[in-house]
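The next block is query.cif, given as mmCIF, C-alpha atoms and all ligand atoms; chains and numbers go by the auth columns.
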```
data_query
#
loop_
_atom_site.group_PDB
_atom_site.id
_atom_site.type_symbol
_atom_site.label_atom_id
_atom_site.label_comp_id
_atom_site.label_asym_id
_atom_site.label_seq_id
_atom_site.Cartn_x
_atom_site.Cartn_y
_atom_site.Cartn_z
_atom_site.B_iso_or_equiv
_atom_site.auth_seq_id
_atom_site.auth_asym_id
ATOM 1 C CA MET A 1 0.000 0.000 0.000 0.00 6 D
ATOM 2 C CA LYS A 2 1.256 3.504 -0.797 0.00 7 D
ATOM 3 C CA GLN A 3 2.170 5.485 2.346 0.00 8 D
ATOM 4 C CA PRO A 4 1.286 9.236 2.496 0.00 9 D
ATOM 5 C CA GLY A 5 4.947 10.297 3.016 0.00 10 D
ATOM 6 C CA GLY A 6 6.488 7.201 1.399 0.00 11 D
ATOM 7 C CA THR A 7 8.774 6.931 -1.586 0.00 12 D
ATOM 8 C CA ASP A 8 6.004 7.227 -4.192 0.00 13 D
ATOM 9 C CA THR A 9 4.686 10.409 -2.568 0.00 14 D
ATOM 10 C CA GLN A 10 8.215 11.833 -2.359 0.00 15 D
ATOM 11 C CA LYS A 11 8.739 11.158 -6.083 0.00 16 D
ATOM 12 C CA ARG A 12 5.462 12.865 -6.918 0.00 17 D
ATOM 13 C CA ARG A 13 6.334 15.894 -4.758 0.00 18 D
ATOM 14 C CA ALA A 14 9.787 16.189 -6.345 0.00 19 D
ATOM 15 C CA GLY A 15 8.381 15.909 -9.874 0.00 20 D
ATOM 16 C CA GLU A 16 5.651 18.470 -9.204 0.00 21 D
ATOM 17 C CA SER A 17 8.170 20.869 -7.638 0.00 22 D
ATOM 18 C CA ALA A 18 10.446 20.879 -10.695 0.00 23 D
ATOM 19 C CA ALA A 19 7.495 21.004 -13.099 0.00 24 D
ATOM 20 C CA ALA A 20 6.093 24.053 -11.288 0.00 25 D
ATOM 21 C CA ALA A 21 9.350 25.937 -11.935 0.00 26 D
ATOM 22 C CA VAL A 22 9.306 25.524 -15.739 0.00 27 D
ATOM 23 C CA PRO A 23 8.626 28.887 -17.440 0.00 28 D
ATOM 24 C CA ASP A 24 6.100 29.302 -20.251 0.00 29 D
ATOM 25 C CA GLY A 25 7.645 28.892 -23.704 0.00 30 D
ATOM 26 C CA SER A 26 10.372 26.467 -22.552 0.00 31 D
ATOM 27 C CA VAL A 27 11.830 23.544 -24.450 0.00 32 D
ATOM 28 C CA VAL A 28 12.242 20.838 -21.787 0.00 33 D
ATOM 29 C CA GLY A 29 14.400 17.726 -21.913 0.00 34 D
ATOM 30 C CA PHE A 30 12.407 14.842 -20.465 0.00 35 D
ATOM 31 C CA GLY A 31 14.447 12.322 -18.478 0.00 36 D
ATOM 32 C CA THR A 32 13.519 8.729 -17.825 0.00 37 D
ATOM 33 C CA GLY A 33 12.315 6.741 -14.820 0.00 38 D
ATOM 34 C CA SER A 34 9.510 6.824 -12.284 0.00 39 D
ATOM 35 C CA THR A 35 10.369 10.255 -10.792 0.00 40 D
ATOM 36 C CA ALA A 36 10.929 11.965 -14.138 0.00 41 D
ATOM 37 C CA ALA A 37 7.541 10.479 -15.107 0.00 42 D
ATOM 38 C CA GLU A 38 5.934 12.385 -12.211 0.00 43 D
ATOM 39 C CA ALA A 39 7.438 15.619 -13.554 0.00 44 D
ATOM 40 C CA ILE A 40 6.165 14.826 -17.074 0.00 45 D
ATOM 41 C CA ARG A 41 2.644 14.122 -15.778 0.00 46 D
ATOM 42 C CA ALA A 42 2.699 17.342 -13.715 0.00 47 D
ATOM 43 C CA LEU A 43 3.800 19.303 -16.805 0.00 48 D
ATOM 44 C CA GLY A 44 0.993 17.616 -18.744 0.00 49 D
ATOM 45 C CA ARG A 45 -1.487 19.002 -16.222 0.00 50 D
ATOM 46 C CA ARG A 46 0.040 22.485 -16.621 0.00 51 D
ATOM 47 C CA VAL A 47 -0.208 22.142 -20.426 0.00 52 D
ATOM 48 C CA GLU A 48 -3.907 21.296 -20.048 0.00 53 D
ATOM 49 C CA SER A 49 -4.240 24.603 -18.184 0.00 54 D
ATOM 50 C CA GLY A 50 -2.519 26.560 -20.944 0.00 55 D
ATOM 51 C CA LEU A 51 1.243 26.221 -20.427 0.00 56 D
ATOM 52 C CA ASP A 52 3.106 26.348 -23.735 0.00 57 D
ATOM 53 C CA ILE A 53 6.128 24.017 -23.759 0.00 58 D
ATOM 54 C CA ARG A 54 7.781 21.595 -26.128 0.00 59 D
ATOM 55 C CA ALA A 55 9.653 18.487 -25.019 0.00 60 D
ATOM 56 C CA ILE A 56 12.715 16.543 -26.111 0.00 61 D
ATOM 57 C CA PRO A 57 12.348 12.990 -24.759 0.00 62 D
ATOM 58 C CA THR A 58 15.376 10.871 -23.799 0.00 63 D
ATOM 59 C CA SER A 59 13.748 7.448 -24.188 0.00 64 D
ATOM 60 C CA TYR A 60 10.842 5.534 -25.643 0.00 65 D
ATOM 61 C CA GLN A 61 9.236 5.683 -22.174 0.00 66 D
ATOM 62 C CA SER A 62 9.434 9.461 -21.815 0.00 67 D
ATOM 63 C CA ARG A 63 8.249 9.950 -25.410 0.00 68 D
ATOM 64 C CA GLN A 64 5.150 7.842 -24.692 0.00 69 D
ATOM 65 C CA LEU A 65 4.431 9.713 -21.453 0.00 70 D
ATOM 66 C CA ALA A 66 4.724 13.055 -23.240 0.00 71 D
ATOM 67 C CA ARG A 67 2.342 11.857 -25.957 0.00 72 D
ATOM 68 C CA GLU A 68 -0.193 10.660 -23.377 0.00 73 D
ATOM 69 C CA ALA A 69 0.031 14.099 -21.739 0.00 74 D
ATOM 70 C CA SER A 70 -0.453 15.869 -25.118 0.00 75 D
ATOM 71 C CA ILE A 71 2.894 17.657 -24.793 0.00 76 D
ATOM 72 C CA PRO A 72 4.327 18.581 -28.233 0.00 77 D
ATOM 73 C CA LEU A 73 7.591 16.811 -29.046 0.00 78 D
ATOM 74 C CA VAL A 74 10.635 18.147 -30.858 0.00 79 D
ATOM 75 C CA THR A 75 14.155 16.870 -31.478 0.00 80 D
ATOM 76 C CA LEU A 76 17.594 18.370 -30.878 0.00 81 D
ATOM 77 C CA GLU A 77 17.590 19.230 -34.584 0.00 82 D
ATOM 78 C CA ASP A 78 14.464 21.371 -34.146 0.00 83 D
ATOM 79 C CA ALA A 79 15.226 23.248 -30.959 0.00 84 D
ATOM 80 C CA ALA A 80 17.772 23.678 -28.173 0.00 85 D
ATOM 81 C CA PRO A 81 16.479 22.578 -24.761 0.00 86 D
ATOM 82 C CA ASP A 82 16.271 25.273 -22.055 0.00 87 D
ATOM 83 C CA VAL A 83 16.355 22.809 -19.179 0.00 88 D
ATOM 84 C CA ALA A 84 16.362 19.045 -18.617 0.00 89 D
ATOM 85 C CA ILE A 85 14.399 17.394 -15.794 0.00 90 D
ATOM 86 C CA ASP A 86 15.539 13.931 -14.798 0.00 91 D
ATOM 87 C CA GLY A 87 15.828 11.410 -11.983 0.00 92 D
ATOM 88 C CA ALA A 88 18.946 9.877 -10.449 0.00 93 D
ATOM 89 C CA ASP A 89 19.959 6.632 -8.792 0.00 94 D
ATOM 90 C CA ARG A 90 22.444 8.166 -6.354 0.00 95 D
ATOM 91 C CA ILE A 91 23.120 11.777 -5.375 0.00 96 D
ATOM 92 C CA ALA A 92 26.193 12.999 -3.475 0.00 97 D
ATOM 93 C CA GLY A 93 26.358 16.778 -3.428 0.00 98 D
ATOM 94 C CA PHE A 94 25.782 17.735 -7.078 0.00 99 D
ATOM 95 C CA ASP A 95 27.358 14.539 -8.432 0.00 100 D
ATOM 96 C CA LEU A 96 25.105 11.752 -9.642 0.00 101 D
ATOM 97 C CA ILE A 97 24.952 8.148 -10.731 0.00 102 D
ATOM 98 C CA LYS A 98 22.328 7.676 -13.416 0.00 103 D
ATOM 99 C CA GLY A 99 21.385 4.923 -15.833 0.00 104 D
ATOM 100 C CA GLY A 100 19.111 2.653 -13.805 0.00 105 D
ATOM 101 C CA GLY A 101 16.754 2.898 -16.774 0.00 106 D
ATOM 102 C CA ALA A 102 19.572 2.433 -19.309 0.00 107 D
ATOM 103 C CA ALA A 103 18.808 5.838 -20.834 0.00 108 D
ATOM 104 C CA HIS A 104 21.786 7.818 -19.502 0.00 109 D
ATOM 105 C CA ALA A 105 23.494 8.340 -22.889 0.00 110 D
ATOM 106 C CA ARG A 106 20.599 10.381 -24.283 0.00 111 D
ATOM 107 C CA GLU A 107 19.940 11.880 -20.851 0.00 112 D
ATOM 108 C CA LYS A 108 23.503 13.229 -20.669 0.00 113 D
ATOM 109 C CA LEU A 109 23.327 14.482 -24.254 0.00 114 D
ATOM 110 C CA VAL A 110 20.091 16.410 -23.688 0.00 115 D
ATOM 111 C CA ALA A 111 21.168 17.730 -20.253 0.00 116 D
ATOM 112 C CA THR A 112 24.464 18.928 -21.740 0.00 117 D
ATOM 113 C CA ALA A 113 22.650 20.597 -24.644 0.00 118 D
ATOM 114 C CA ALA A 114 20.385 22.352 -22.145 0.00 119 D
ATOM 115 C CA GLY A 115 23.224 23.358 -19.842 0.00 120 D
ATOM 116 C CA ARG A 116 20.705 23.164 -16.998 0.00 121 D
ATOM 117 C CA LEU A 117 19.788 19.899 -15.285 0.00 122 D
ATOM 118 C CA TRP A 118 17.134 19.754 -12.585 0.00 123 D
ATOM 119 C CA ILE A 119 17.147 16.466 -10.701 0.00 124 D
ATOM 120 C CA VAL A 120 14.003 15.035 -9.110 0.00 125 D
ATOM 121 C CA ALA A 121 14.356 12.305 -6.504 0.00 126 D
ATOM 122 C CA ASP A 122 13.023 10.744 -3.348 0.00 127 D
ATOM 123 C CA GLY A 123 15.113 10.850 -0.190 0.00 128 D
ATOM 124 C CA THR A 124 16.490 7.312 -0.588 0.00 129 D
ATOM 125 C CA LYS A 125 18.762 8.519 -3.405 0.00 130 D
ATOM 126 C CA LEU A 126 20.868 10.788 -1.160 0.00 131 D
ATOM 127 C CA ALA A 127 24.300 9.596 -0.016 0.00 132 D
ATOM 128 C CA ASP A 128 27.551 11.020 1.302 0.00 133 D
ATOM 129 C CA THR A 129 29.550 9.462 -1.529 0.00 134 D
ATOM 130 C CA LEU A 130 28.590 7.789 -4.798 0.00 135 D
ATOM 131 C CA ASP A 131 28.567 4.158 -3.793 0.00 136 D
ATOM 132 C CA ARG A 132 26.442 2.289 -6.334 0.00 137 D
ATOM 133 C CA PRO A 133 27.573 0.435 -9.482 0.00 138 D
ATOM 134 C CA VAL A 134 28.026 2.785 -12.432 0.00 139 D
ATOM 135 C CA PRO A 135 25.883 1.912 -15.481 0.00 140 D
ATOM 136 C CA ILE A 136 28.004 2.004 -18.635 0.00 141 D
ATOM 137 C CA GLU A 137 26.423 1.809 -22.096 0.00 142 D
ATOM 138 C CA VAL A 138 28.810 -0.125 -24.348 0.00 143 D
ATOM 139 C CA LEU A 139 29.007 -1.270 -27.945 0.00 144 D
ATOM 140 C CA PRO A 140 27.943 -4.939 -28.009 0.00 145 D
ATOM 141 C CA ASP A 141 31.247 -6.028 -29.588 0.00 146 D
ATOM 142 C CA ALA A 142 33.221 -4.255 -26.874 0.00 147 D
ATOM 143 C CA VAL A 143 32.056 -6.322 -23.869 0.00 148 D
ATOM 144 C CA PRO A 144 34.949 -8.864 -23.837 0.00 149 D
ATOM 145 C CA VAL A 145 37.486 -6.039 -24.244 0.00 150 D
ATOM 146 C CA LEU A 146 35.912 -3.719 -21.700 0.00 151 D
ATOM 147 C CA GLU A 147 35.458 -6.232 -18.867 0.00 152 D
ATOM 148 C CA PRO A 148 39.232 -6.600 -18.191 0.00 153 D
ATOM 149 C CA ALA A 149 39.760 -2.878 -18.824 0.00 154 D
ATOM 150 C CA LEU A 150 37.156 -2.035 -16.179 0.00 155 D
ATOM 151 C CA GLU A 151 38.722 -4.526 -13.755 0.00 156 D
ATOM 152 C CA SER A 152 42.070 -2.807 -14.244 0.00 157 D
ATOM 153 C CA LEU A 153 40.381 0.444 -13.125 0.00 158 D
ATOM 154 C CA GLY A 154 39.369 -1.358 -9.903 0.00 159 D
ATOM 155 C CA GLY A 155 35.847 -2.180 -11.046 0.00 160 D
ATOM 156 C CA ASP A 156 33.694 -5.291 -10.828 0.00 161 D
ATOM 157 C CA PRO A 157 31.663 -5.342 -14.078 0.00 162 D
ATOM 158 C CA THR A 158 28.381 -7.223 -14.636 0.00 163 D
ATOM 159 C CA LEU A 159 26.523 -7.297 -17.942 0.00 164 D
ATOM 160 C CA ARG A 160 22.953 -6.157 -17.202 0.00 165 D
ATOM 161 C CA ALA A 161 20.431 -8.938 -17.848 0.00 166 D
ATOM 162 C CA ALA A 162 16.879 -8.313 -19.030 0.00 167 D
ATOM 163 C CA GLU A 163 14.339 -8.970 -16.279 0.00 168 D
ATOM 164 C CA ARG A 164 11.558 -10.480 -18.345 0.00 169 D
ATOM 165 C CA LYS A 165 13.439 -12.488 -20.974 0.00 170 D
ATOM 166 C CA ASP A 166 16.683 -14.352 -21.477 0.00 171 D
ATOM 167 C CA GLY A 167 19.532 -12.200 -22.672 0.00 172 D
ATOM 168 C CA PRO A 168 20.952 -8.769 -21.912 0.00 173 D
ATOM 169 C CA VAL A 169 19.241 -5.397 -21.640 0.00 174 D
ATOM 170 C CA VAL A 170 19.427 -3.631 -25.014 0.00 175 D
ATOM 171 C CA THR A 171 19.295 0.188 -24.883 0.00 176 D
ATOM 172 C CA ASP A 172 17.152 2.385 -27.138 0.00 177 D
ATOM 173 C CA ASN A 173 20.412 2.900 -29.091 0.00 178 D
ATOM 174 C CA GLY A 174 20.930 -0.842 -29.669 0.00 179 D
ATOM 175 C CA ASN A 175 23.807 -1.148 -27.197 0.00 180 D
ATOM 176 C CA LEU A 176 24.364 -3.142 -23.991 0.00 181 D
ATOM 177 C CA VAL A 177 24.803 -2.002 -20.376 0.00 182 D
ATOM 178 C CA VAL A 178 27.567 -3.048 -18.008 0.00 183 D
ATOM 179 C CA ASP A 179 27.006 -2.175 -14.337 0.00 184 D
ATOM 180 C CA CYS A 180 30.401 -1.697 -12.789 0.00 185 D
ATOM 181 C CA ALA A 181 30.882 -1.580 -9.002 0.00 186 D
ATOM 182 C CA PHE A 182 33.782 0.557 -7.748 0.00 187 D
ATOM 183 C CA GLY A 183 32.816 0.669 -4.045 0.00 188 D
ATOM 184 C CA GLU A 184 32.772 4.230 -2.719 0.00 189 D
ATOM 185 C CA ILE A 185 33.866 6.557 -5.518 0.00 190 D
ATOM 186 C CA ALA A 186 36.190 9.085 -3.857 0.00 191 D
ATOM 187 C CA THR A 187 37.009 11.109 -6.982 0.00 192 D
ATOM 188 C CA PRO A 188 34.089 10.849 -9.456 0.00 193 D
ATOM 189 C CA ALA A 189 35.642 13.300 -11.946 0.00 194 D
ATOM 190 C CA ASP A 190 38.777 11.147 -12.264 0.00 195 D
ATOM 191 C CA LEU A 191 36.770 7.962 -12.733 0.00 196 D
ATOM 192 C CA ALA A 192 34.497 9.706 -15.249 0.00 197 D
ATOM 193 C CA ALA A 193 37.540 10.692 -17.319 0.00 198 D
ATOM 194 C CA ASP A 194 38.992 7.156 -17.141 0.00 199 D
ATOM 195 C CA LEU A 195 35.701 5.587 -18.262 0.00 200 D
ATOM 196 C CA ALA A 196 35.150 8.087 -21.088 0.00 201 D
ATOM 197 C CA ALA A 197 38.615 7.287 -22.451 0.00 202 D
ATOM 198 C CA LEU A 198 37.896 3.551 -22.964 0.00 203 D
ATOM 199 C CA PRO A 199 37.164 2.630 -26.607 0.00 204 D
ATOM 200 C CA GLY A 200 33.793 0.871 -26.802 0.00 205 D
ATOM 201 C CA VAL A 201 32.229 2.949 -24.002 0.00 206 D
ATOM 202 C CA VAL A 202 29.299 4.867 -25.495 0.00 207 D
ATOM 203 C CA GLU A 203 28.468 6.715 -22.270 0.00 208 D
ATOM 204 C CA HIS A 204 28.841 6.159 -18.529 0.00 209 D
ATOM 205 C CA GLY A 205 26.358 7.094 -15.825 0.00 210 D
ATOM 206 C CA LEU A 206 28.543 9.463 -13.787 0.00 211 D
ATOM 207 C CA PHE A 207 27.114 12.988 -14.054 0.00 212 D
ATOM 208 C CA VAL A 208 29.744 15.036 -12.278 0.00 213 D
ATOM 209 C CA GLY A 209 28.720 18.538 -11.201 0.00 214 D
ATOM 210 C CA MET A 210 26.017 18.665 -13.871 0.00 215 D
ATOM 211 C CA ALA A 211 22.988 19.225 -11.624 0.00 216 D
ATOM 212 C CA GLU A 212 21.896 22.836 -11.234 0.00 217 D
ATOM 213 C CA GLU A 213 18.961 22.107 -8.902 0.00 218 D
ATOM 214 C CA ILE A 214 18.023 18.999 -6.949 0.00 219 D
ATOM 215 C CA HIS A 215 14.379 18.624 -5.884 0.00 220 D
ATOM 216 C CA VAL A 216 14.189 15.998 -3.152 0.00 221 D
ATOM 217 C CA GLY A 217 10.768 14.856 -2.010 0.00 222 D
ATOM 218 C CA THR A 218 10.587 14.432 1.760 0.00 223 D
ATOM 219 C CA GLU A 219 8.004 13.030 4.191 0.00 224 D
ATOM 220 C CA SER A 220 6.483 16.489 4.575 0.00 225 D
ATOM 221 C CA GLY A 221 7.358 18.461 1.424 0.00 226 D
ATOM 222 C CA VAL A 222 10.238 19.173 -0.941 0.00 227 D
ATOM 223 C CA ASP A 223 13.830 20.177 -0.238 0.00 228 D
ATOM 224 C CA VAL A 224 15.256 22.138 -3.198 0.00 229 D
ATOM 225 C CA ARG A 225 19.060 22.284 -3.314 0.00 230 D
ATOM 226 C CA GLU A 226 20.776 24.751 -5.656 0.00 231 D
HETATM 227 C C1 LIG B . 17.325 6.338 -16.201 0.00 301 D
HETATM 228 C C2 LIG B . 17.750 7.035 -14.968 0.00 301 D
HETATM 229 C C3 LIG B . 16.678 7.296 -13.956 0.00 301 D
HETATM 230 O O1 LIG B . 16.476 8.660 -13.891 0.00 301 D
HETATM 231 C C4 LIG B . 17.126 6.741 -12.619 0.00 301 D
HETATM 232 O O2 LIG B . 17.308 5.345 -12.762 0.00 301 D
HETATM 233 C C5 LIG B . 16.129 7.037 -11.510 0.00 301 D
HETATM 234 O O3 LIG B . 14.926 6.366 -11.756 0.00 301 D
HETATM 235 P P1 LIG B . 13.718 6.432 -10.729 0.00 301 D
HETATM 236 O O4 LIG B . 13.238 7.836 -10.694 0.00 301 D
HETATM 237 O O5 LIG B . 12.686 5.471 -11.296 0.00 301 D
HETATM 238 O O6 LIG B . 14.212 5.970 -9.385 0.00 301 D
HETATM 239 O O7 LIG B . 18.884 7.411 -14.798 0.00 301 D
HETATM 240 O O8 LIG B . 18.423 6.077 -17.031 0.00 301 D
#
```

Output the structure of this file as structure tokens.
Ligand code: 5RP
Amino acid sequence: MKQPGGTDTQKRRAGESAAAAVPDGSVVGFGTGSTAAEAIRALGRRVESGLDIRAIPTSYQSRQLAREASIPLVTLEDAAPDVAIDGADRIAGFDLIKGGGAAHAREKLVATAAGRLWIVADGTKLADTLDRPVPIEVLPDAVPVLEPALESLGGDPTLRAAERKDGPVVTDNGNLVVDCAFGEIATPADLAADLAALPGVVEHGLFVGMAEEIHVGTESGVDVRE
């Protein structure tokens, strides 16, 4: 059963908080996941009341949600995003681990194009240091080469398996995802540079210093960090 101040409520509060801050006329990058979905639904309600926005989705899921909410869609070729709203798997300060939904490559692209990333999350995502496995989108052919390379960086890589069928998760871009545990990541910027330098890595899920605002749903309201 959903609790009044539980995780689902916190996600909804965070999504509504970020959605309420979007100015009329904006082009908004739509992230992926259950908390970003709350922001998309909240923006859909504002659009019903007359808000004029256009959206650049980062996944099949966020495109479908935008369509259901009657929010007009554009691409990066049509318009530059003003802001991106997205969830996160782990938040330490303004550094993030993303990619639980295997959409982090497009999410990072759209957030970088916007130059403004607003994160929406429930309180369970907060941590003192980034301590979860880092999702890494990789070219399918690169897996046997990247596994030892990631181990030599101190990582413990696992190819992400699909939950509902045999075989690996395949991203919207046709690639695979390796989740690589590094324990507590003391220097995320250094690790981000090491991962980005590996041939075969399409994109990793470390978003270092990219968040401009973090909307955290709490048991009683929303804590906005900026
Ligand atoms: C998708 C992501 C998601 O934003 C992240 O996994 C958080 O998802 P949720 O809001 O469902 O907890 O990075 O690639």

Counting all atoms listed in the file, give me one row per residue of chain D with an atom at most 7 Å from an atom of ligand LIG 301 (chain D), showing the shortest contact pair and its distance in Å to one decimal, sorted by chain then residue number, as JSON lines.
```
{"residue": "D:Gly36", "atom": "CA", "partner": "D:LIG301", "partner_atom": "O1", "distance": 6.2}
{"residue": "D:Thr37", "atom": "CA", "partner": "D:LIG301", "partner_atom": "C1", "distance": 4.8}
{"residue": "D:Gly38", "atom": "CA", "partner": "D:LIG301", "partner_atom": "O5", "distance": 3.8}
{"residue": "D:Ser39", "atom": "CA", "partner": "D:LIG301", "partner_atom": "O5", "distance": 3.6}
{"residue": "D:Thr40", "atom": "CA", "partner": "D:LIG301", "partner_atom": "O4", "distance": 3.8}
{"residue": "D:Ala41", "atom": "CA", "partner": "D:LIG301", "partner_atom": "O4", "distance": 5.9}
{"residue": "D:Asp91", "atom": "CA", "partner": "D:LIG301", "partner_atom": "O1", "distance": 5.4}
{"residue": "D:Gly92", "atom": "CA", "partner": "D:LIG301", "partner_atom": "O1", "distance": 3.4}
{"residue": "D:Ala93", "atom": "CA", "partner": "D:LIG301", "partner_atom": "C5", "distance": 4.1}
{"residue": "D:Asp94", "atom": "CA", "partner": "D:LIG301", "partner_atom": "C5", "distance": 4.7}
{"residue": "D:Lys103", "atom": "CA", "partner": "D:LIG301", "partner_atom": "O7", "distance": 3.7}
{"residue": "D:Gly104", "atom": "CA", "partner": "D:LIG301", "partner_atom": "O8", "distance": 3.4}
{"residue": "D:Gly105", "atom": "CA", "partner": "D:LIG301", "partner_atom": "O2", "distance": 3.4}
{"residue": "D:Gly106", "atom": "CA", "partner": "D:LIG301", "partner_atom": "C1", "distance": 3.5}
{"residue": "D:Ala107", "atom": "CA", "partner": "D:LIG301", "partner_atom": "O8", "distance": 4.4}
{"residue": "D:Ala108", "atom": "CA", "partner": "D:LIG301", "partner_atom": "O8", "distance": 3.8}
{"residue": "D:His109", "atom": "CA", "partner": "D:LIG301", "partner_atom": "O8", "distance": 4.5}
{"residue": "D:Ala126", "atom": "CA", "partner": "D:LIG301", "partner_atom": "O4", "distance": 6.2}
```

Notebook entry, point to check: For this file, the PyMOL selection byres (((chain D and resi 151) around 9) and not hetatm) selects which residues, as a ChimeraX atom specification?
Noted result: /D:143,147-150,152-156,162,203-206

Note to self: Measuring between all atoms listed in the file, which one of D:Pro62, D:Gly49, D:Gly55, D:Gly20 shows the shortest distance to Phe35 (chain D)?
What the structure shows: D:Pro62

Next item on the list: With the file shown as input, list the residues that the PyMOL selection byres (((chain D and resi 185) around 12) and not hetatm) selects, as an NGL selection string.
Entry: :D and (102 or 104 or 136-143 or 151-165 or 182-184 or 186-190 or 196 or 200 or 209-211)

Notebook entry, point to check: Exactly which residues make up the result of the PyMOL selection byres (((chain D and resi 131) around 12) and not hetatm) on this file, given as a PyMOL selection string?
Noted result: chain D and resi 92-102+124-130+132-137+219-223+228+230

Checklist line | Nearby residues (only C-alpha atoms) at most 7 Å from Ile58 (chain D), same-chain spacing under 3 positions excluded, as an MDAnalysis selection string | finding: chainID D and resid 29:32

Just to be explicit: take each residue in the selection above, keep C-alpha atoms, and write the result as a compact mmCIF listing (two decimals), in the frame of the given file.
```
# COMPACT_ATOMS: atom_id res chain seq x y z
CA ASP D 29 6.10 29.30 -20.25
CA GLY D 30 7.64 28.89 -23.70
CA SER D 31 10.37 26.47 -22.55
CA VAL D 32 11.83 23.54 -24.45
```

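Nearest to Asn180 (chain D) of all the residues D:Leu144, D:Val207, D:Ala42, D:Ala202 is D:Leu144, counting all atoms listed in the file.
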
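The smallest atom-to-atom distance between Glu218 (chain D) and any of D:Ala24, D:Leu122, D:Leu48, D:Val115, using all atoms listed in the file, is found for D:Leu122.
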
Notebook entry, point to check: How many Å separate CA of Val52 (chain D) from CA of Leu70 (chain D)?
Noted result: 13.3 Å

Check: Please, what distance in Å, to one decimal, runs between CA of Val33 (chain D) and CA of Ile61 (chain D)?
Finding: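 About the pair CA of Val33 (chain D) and CA of Ile61 (chain D): they are 6.1 Å apart.
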
Note to self: From the options D:Val229, D:Ala44, D:Ala119, D:Ala25, which residue's atoms come nearest to Asp87 (chain D), counting all atoms listed in the file?
What the structure shows: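 Selected residue with least distance to Asp87 (chain D): D:Ala119.
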
Notebook entry, point to check: Of the candidates D:Thr14, D:Ser22, D:Ser225, D:Ser64, which shows the shortest atom-to-atom distance to Ala47 (chain D), using all atoms listed in the file?
Noted result: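 Answer, going by the shortest atom-to-atom distance: D:Ser22.
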
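Between CA of Tyr65 (chain D) and CA of Ala116 (chain D) there is a distance of 16.9 Å.
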
Once 4 Å is added on each side, what centre and edge lengths in Å to one decimal does the axis-aligned box around all listed atoms of region 44-63 of chain D have, as JSON?
```
{"center_x": 5.6, "center_y": 18.7, "center_z": -19.8, "size_x": 27.6, "size_y": 23.7, "size_z": 20.6}
```

Please return region 47-60 of chain D, rebuilt to N, CA and C atoms, as a PDB file, in the coordinates of the input.
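Okay, out_13.pdb is ready:
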```pdb
ATOM      1  N   ALA D  47       3.033  16.029 -14.298  1.00  0.00           N
ATOM      2  CA  ALA D  47       2.699  17.342 -13.715  1.00  0.00           C
ATOM      3  C   ALA D  47       2.760  18.419 -14.797  1.00  0.00           C
ATOM      4  N   LEU D  48       3.736  18.335 -15.707  1.00  0.00           N
ATOM      5  CA  LEU D  48       3.800  19.303 -16.805  1.00  0.00           C
ATOM      6  C   LEU D  48       2.609  19.120 -17.739  1.00  0.00           C
ATOM      7  N   GLY D  49       2.179  17.886 -17.924  1.00  0.00           N
ATOM      8  CA  GLY D  49       0.993  17.616 -18.744  1.00  0.00           C
ATOM      9  C   GLY D  49      -0.224  18.330 -18.173  1.00  0.00           C
ATOM     10  N   ARG D  50      -0.349  18.314 -16.844  1.00  0.00           N
ATOM     11  CA  ARG D  50      -1.487  19.002 -16.222  1.00  0.00           C
ATOM     12  C   ARG D  50      -1.363  20.515 -16.439  1.00  0.00           C
ATOM     13  N   ARG D  51      -0.137  21.038 -16.372  1.00  0.00           N
ATOM     14  CA  ARG D  51       0.040  22.485 -16.621  1.00  0.00           C
ATOM     15  C   ARG D  51      -0.273  22.816 -18.094  1.00  0.00           C
ATOM     16  N   VAL D  52       0.088  21.910 -18.999  1.00  0.00           N
ATOM     17  CA  VAL D  52      -0.208  22.142 -20.426  1.00  0.00           C
ATOM     18  C   VAL D  52      -1.717  22.180 -20.641  1.00  0.00           C
ATOM     19  N   GLU D  53      -2.434  21.279 -19.953  1.00  0.00           N
ATOM     20  CA  GLU D  53      -3.907  21.296 -20.048  1.00  0.00           C
ATOM     21  C   GLU D  53      -4.465  22.642 -19.623  1.00  0.00           C
ATOM     22  N   SER D  54      -3.773  23.297 -18.677  1.00  0.00           N
ATOM     23  CA  SER D  54      -4.240  24.603 -18.184  1.00  0.00           C
ATOM     24  C   SER D  54      -3.667  25.768 -18.974  1.00  0.00           C
ATOM     25  N   GLY D  55      -2.942  25.471 -20.067  1.00  0.00           N
ATOM     26  CA  GLY D  55      -2.519  26.560 -20.944  1.00  0.00           C
ATOM     27  C   GLY D  55      -1.024  26.780 -21.064  1.00  0.00           C
ATOM     28  N   LEU D  56      -0.212  26.045 -20.309  1.00  0.00           N
ATOM     29  CA  LEU D  56       1.243  26.221 -20.427  1.00  0.00           C
ATOM     30  C   LEU D  56       1.694  25.816 -21.827  1.00  0.00           C
ATOM     31  N   ASP D  57       2.587  26.627 -22.394  1.00  0.00           N
ATOM     32  CA  ASP D  57       3.106  26.348 -23.735  1.00  0.00           C
ATOM     33  C   ASP D  57       4.551  25.864 -23.595  1.00  0.00           C
ATOM     34  N   ILE D  58       4.756  24.548 -23.749  1.00  0.00           N
ATOM     35  CA  ILE D  58       6.128  24.017 -23.759  1.00  0.00           C
ATOM     36  C   ILE D  58       6.241  23.002 -24.890  1.00  0.00           C
ATOM     37  N   ARG D  59       7.497  22.711 -25.231  1.00  0.00           N
ATOM     38  CA  ARG D  59       7.781  21.595 -26.128  1.00  0.00           C
ATOM     39  C   ARG D  59       8.796  20.704 -25.420  1.00  0.00           C
ATOM     40  N   ALA D  60       8.811  19.421 -25.762  1.00  0.00           N
ATOM     41  CA  ALA D  60       9.653  18.487 -25.019  1.00  0.00           C
ATOM     42  C   ALA D  60      10.585  17.703 -25.936  1.00  0.00           C
TER      43      ALA D  60
END
```
